[in-house]
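Student: Before we start, here is the structure in question, set down as structure tokens.
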Amino acid sequence: MTQRLKQLLLSVIALMGLVLAPVANAEGIKVKFFELERVESEWFLNAAFQIELSPGLEDAIQKGVVLHFQTEFELTRSRWYWFDERPVLALRQTRLSYQPLTKQFRIASGGLTFTAQTIAEALQVVGSIGGWRVIDGPGVDPSKPYSAALRMSLDLSKLPKPFQVNALNNNCLLYTSPSPRDRQKS
């Protein structure tokens, strides 16, 4: 009897897992490209992300919820005798909101403000980074190899509390780009 009950319970759990599992789709943040460009003694980052939101998040923006995206750039150098050295960690916040009176999306990043007519245009602006100074010249040794990583994510801590609780319960709000690593020698 107990063996049969265990089998039934396992089959019900497996069935629930199949039914409740999120459908694989293209929603999320993906890195299209990124490059480091050296100008004199400084390094500038140019990158593009493809951001696709779920219908629930698009609806939330239309109703006044502000989305905060955080972009992280990290430069590391492997060391055999200790932990990896991290000479550079640069963060950038981008805010996406909707203005119902003008029916425009507003994007704020680094003290600059942009407007867009559609959500697709707004997400394209949020995902475009050009000329972001991430490395100052004296911060890195040009004779050593470094590994660069770039990542963009939706900052869940700045969402309203009901969305934060919902994000803990399911993965529909966990938007993070995979972190591509690029070997660079300064």
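Going by the structure tokens order, chains are called A, B, ..., each with residues numbered from 1, while ligands are numbered from 1 in the order shown.
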Just the residues within 10 Å of Ile107 in chain A, please, counting only C-alpha atoms, with nothing from its chain fewer than 6 positions along; format it as a list in words.

Tutor: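 Final neighbour list, sorted by chain and number: Val66, Leu67, His68, Thr94, Arg95, Leu96, Ser97, Tyr98, Thr113, Phe114, Thr115, Ala116, Ala122, Leu123, Val125 and Val126 of chain A.
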
Student: Hey, can you spit out that residue selection with all heavy atoms as a tab-separated table (two decimals), in the first residue's frame?

Tutor:
```
chain	number	residue	atom	x	y	z
A	66	VAL	N	7.81	50.80	-12.92
A	66	VAL	CA	9.10	51.20	-13.49
A	66	VAL	C	10.04	50.00	-13.40
A	66	VAL	O	10.16	49.36	-12.36
A	66	VAL	CB	9.69	52.39	-12.72
A	66	VAL	CG1	11.05	52.78	-13.27
A	66	VAL	CG2	8.74	53.57	-12.76
A	67	LEU	N	10.71	49.70	-14.51
A	67	LEU	CA	11.68	48.61	-14.55
A	67	LEU	C	13.09	49.19	-14.49
A	67	LEU	O	13.40	50.14	-15.20
A	67	LEU	CB	11.53	47.77	-15.81
A	67	LEU	CG	10.22	47.04	-16.01
A	67	LEU	CD1	10.26	46.22	-17.30
A	67	LEU	CD2	9.90	46.16	-14.84
A	68	HIS	N	13.91	48.62	-13.64
A	68	HIS	CA	15.31	49.03	-13.49
A	68	HIS	C	16.19	47.90	-14.01
A	68	HIS	O	16.09	46.77	-13.54
A	68	HIS	CB	15.64	49.31	-12.03
A	68	HIS	CG	14.88	50.46	-11.46
A	68	HIS	ND1	15.37	51.74	-11.44
A	68	HIS	CD2	13.65	50.53	-10.90
A	68	HIS	CE1	14.49	52.54	-10.88
A	68	HIS	NE2	13.43	51.82	-10.55
A	94	THR	N	19.81	51.56	-15.61
A	94	THR	CA	18.94	52.11	-16.65
A	94	THR	C	17.50	51.91	-16.21
A	94	THR	O	17.13	50.83	-15.77
A	94	THR	CB	19.17	51.40	-18.00
A	94	THR	OG1	20.56	51.48	-18.33
A	94	THR	CG2	18.36	52.03	-19.11
A	95	ARG	N	16.71	52.96	-16.32
A	95	ARG	CA	15.33	52.96	-15.86
A	95	ARG	C	14.39	53.04	-17.06
A	95	ARG	O	14.58	53.87	-17.94
A	95	ARG	CB	15.13	54.20	-14.99
A	95	ARG	CG	14.35	54.00	-13.79
A	95	ARG	CD	14.33	55.28	-12.96
A	95	ARG	NE	12.94	55.63	-12.82
A	95	ARG	CZ	12.41	56.78	-13.12
A	95	ARG	NH1	13.13	57.76	-13.56
A	95	ARG	NH2	11.14	56.97	-12.96
A	96	LEU	N	13.38	52.19	-17.08
A	96	LEU	CA	12.38	52.19	-18.15
A	96	LEU	C	11.01	52.42	-17.53
A	96	LEU	O	10.60	51.67	-16.65
A	96	LEU	CB	12.40	50.87	-18.91
A	96	LEU	CG	11.33	50.65	-19.98
A	96	LEU	CD1	11.43	51.70	-21.08
A	96	LEU	CD2	11.42	49.26	-20.55
A	97	SER	N	10.33	53.46	-18.00
A	97	SER	CA	8.99	53.77	-17.47
A	97	SER	C	8.09	54.20	-18.62
A	97	SER	O	8.55	54.49	-19.72
A	97	SER	CB	9.07	54.87	-16.40
A	97	SER	OG	9.58	56.07	-16.96
A	98	TYR	N	6.80	54.23	-18.34
A	98	TYR	CA	5.80	54.62	-19.34
A	98	TYR	C	5.06	55.85	-18.84
A	98	TYR	O	4.65	55.92	-17.67
A	98	TYR	CB	4.81	53.48	-19.58
A	98	TYR	CG	3.75	53.80	-20.59
A	98	TYR	CD1	4.08	53.96	-21.93
A	98	TYR	CD2	2.42	53.95	-20.22
A	98	TYR	CE1	3.12	54.25	-22.88
A	98	TYR	CE2	1.45	54.24	-21.17
A	98	TYR	CZ	1.80	54.40	-22.49
A	98	TYR	OH	0.84	54.69	-23.42
A	113	THR	N	18.23	61.23	-20.64
A	113	THR	CA	16.86	60.74	-20.77
A	113	THR	C	16.49	60.65	-22.24
A	113	THR	O	16.78	61.56	-23.02
A	113	THR	CB	15.88	61.68	-20.05
A	113	THR	OG1	16.37	61.97	-18.76
A	113	THR	CG2	14.52	61.05	-19.91
A	114	PHE	N	15.86	59.54	-22.60
A	114	PHE	CA	15.41	59.31	-23.96
A	114	PHE	C	13.93	58.97	-23.93
A	114	PHE	O	13.43	58.47	-22.93
A	114	PHE	CB	16.17	58.15	-24.61
A	114	PHE	CG	17.66	58.29	-24.57
A	114	PHE	CD1	18.40	57.69	-23.57
A	114	PHE	CD2	18.32	59.03	-25.53
A	114	PHE	CE1	19.77	57.82	-23.52
A	114	PHE	CE2	19.69	59.17	-25.49
A	114	PHE	CZ	20.42	58.56	-24.47
A	115	THR	N	13.25	59.22	-25.05
A	115	THR	CA	11.85	58.80	-25.15
A	115	THR	C	11.69	57.91	-26.38
A	115	THR	O	12.46	58.00	-27.34
A	115	THR	CB	10.90	60.02	-25.29
A	115	THR	OG1	11.28	60.78	-26.43
A	115	THR	CG2	10.93	60.88	-24.05
A	116	ALA	N	10.69	57.04	-26.31
A	116	ALA	CA	10.40	56.13	-27.42
A	116	ALA	C	8.89	55.99	-27.53
A	116	ALA	O	8.16	56.11	-26.54
A	116	ALA	CB	11.04	54.77	-27.18
A	122	ALA	N	11.86	51.23	-27.10
A	122	ALA	CA	12.38	51.49	-25.75
A	122	ALA	C	13.34	50.39	-25.33
A	122	ALA	O	14.41	50.67	-24.77
A	122	ALA	CB	11.23	51.60	-24.76
A	123	LEU	N	13.01	49.14	-25.59
A	123	LEU	CA	13.88	48.04	-25.21
A	123	LEU	C	15.16	48.04	-26.03
A	123	LEU	O	16.22	47.64	-25.54
A	123	LEU	CB	13.15	46.70	-25.37
A	123	LEU	CG	12.02	46.47	-24.36
A	123	LEU	CD1	11.27	45.20	-24.69
A	123	LEU	CD2	12.54	46.45	-22.94
A	125	VAL	N	16.67	50.80	-27.04
A	125	VAL	CA	17.49	51.85	-26.43
A	125	VAL	C	18.09	51.36	-25.11
A	125	VAL	O	19.26	51.60	-24.83
A	125	VAL	CB	16.66	53.13	-26.21
A	125	VAL	CG1	17.44	54.15	-25.40
A	125	VAL	CG2	16.24	53.73	-27.54
A	126	VAL	N	17.29	50.65	-24.31
A	126	VAL	CA	17.80	50.10	-23.04
A	126	VAL	C	18.95	49.14	-23.30
A	126	VAL	O	19.94	49.13	-22.58
A	126	VAL	CB	16.67	49.41	-22.25
A	126	VAL	CG1	17.23	48.62	-21.08
A	126	VAL	CG2	15.65	50.42	-21.76
```

Student: May I have the residues within 8 Å of range 35-37 of chain A as a list in words, using only C-alpha atoms and disregarding those fewer than 6 positions away in the same chain?

Tutor: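 Residues meeting the cut-off are Trp43, Phe44, Leu45, Asn46 and Ala47 of chain A.
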
Student: Would you compute the distance between CA of Tyr146 in chain A and CA of Phe33 in chain A? Give it in Å to one decimal.

Tutor: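 Computing it gives 18.4 Å between the two atoms.
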
Student: Which of these, A:Pro138, A:Gly28, A:Leu75, A:Val88, has the shortest distance to Pro55 in chain A once you count only C-alpha atoms?

Tutor: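 When distances to Pro55 in chain A are compared using only C-alpha atoms, the smallest one comes from A:Gly28.
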
Student: Which of these, A:Lys158, A:Arg106, A:Arg151, A:Arg92, has the shortest distance to Lys32 in chain A once you count only C-alpha atoms?

Tutor: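 Smallest separation from Lys32 in chain A among the options: A:Arg151.
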
Student: Would you work out the distance separating CA of Gln62 in chain A from CA of Val31 in chain A, expressed in Å to one decimal?

Tutor: 25.3 Å

Student: Grab the CA of Ala149 in chain A to CA of Thr71 in chain A distance for me, in Å with one decimal place.

Tutor: 10.6 Å

Student: Return the single residue from A:Leu159, A:Met152, A:Val134, A:Leu91 that is closest to Ala48 in chain A, with distances computed using only C-alpha atoms.

Tutor: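 Closest to Ala48 in chain A of all the choices is A:Met152.
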
Student: For Arg86 in chain A, work out the shell of residues within 8 Å, counting only C-alpha atoms and skipping chain neighbours fewer than 6 positions away, then give it as a ChimeraX atom specification.

Tutor: /A:74-77

Student: Would you save the residues from that selection as an mmCIF file, in the first residue's frame, using C-alpha atoms?

Tutor:
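The result, written out as selection35.cif:
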```cif
data_model
loop_
_atom_site.group_PDB
_atom_site.id
_atom_site.type_symbol
_atom_site.label_atom_id
_atom_site.label_comp_id
_atom_site.auth_asym_id
_atom_site.auth_seq_id
_atom_site.Cartn_x
_atom_site.Cartn_y
_atom_site.Cartn_z
ATOM 1 C CA GLU A 74 33.864 43.028 -14.792
ATOM 2 C CA LEU A 75 37.522 42.688 -15.644
ATOM 3 C CA THR A 76 39.424 39.861 -13.952
ATOM 4 C CA ARG A 77 42.905 38.431 -14.092
#
```

Student: Nearest residue to Asp141 in chain A out of A:Gly111, A:Pro162, A:Pro87, A:Pro100, using only C-alpha atoms?

Tutor: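 Nearest to Asp141 in chain A: A:Pro87.
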
Student: What are the DSSP helix (DSSP H, G or I) residues of range 57-122 of chain A, as a PyMOL selection string?

Tutor: chain A and resi 57-62+119-122

Student: Could you tell me, as a PyMOL selection string, which residues of range 27-181 of chain A DSSP assigns to strand (DSSP E) when given the backbone?

Tutor: chain A and resi 28-39+42-52+67-77+85-99+104-109+112-116+128-135+145-154+181
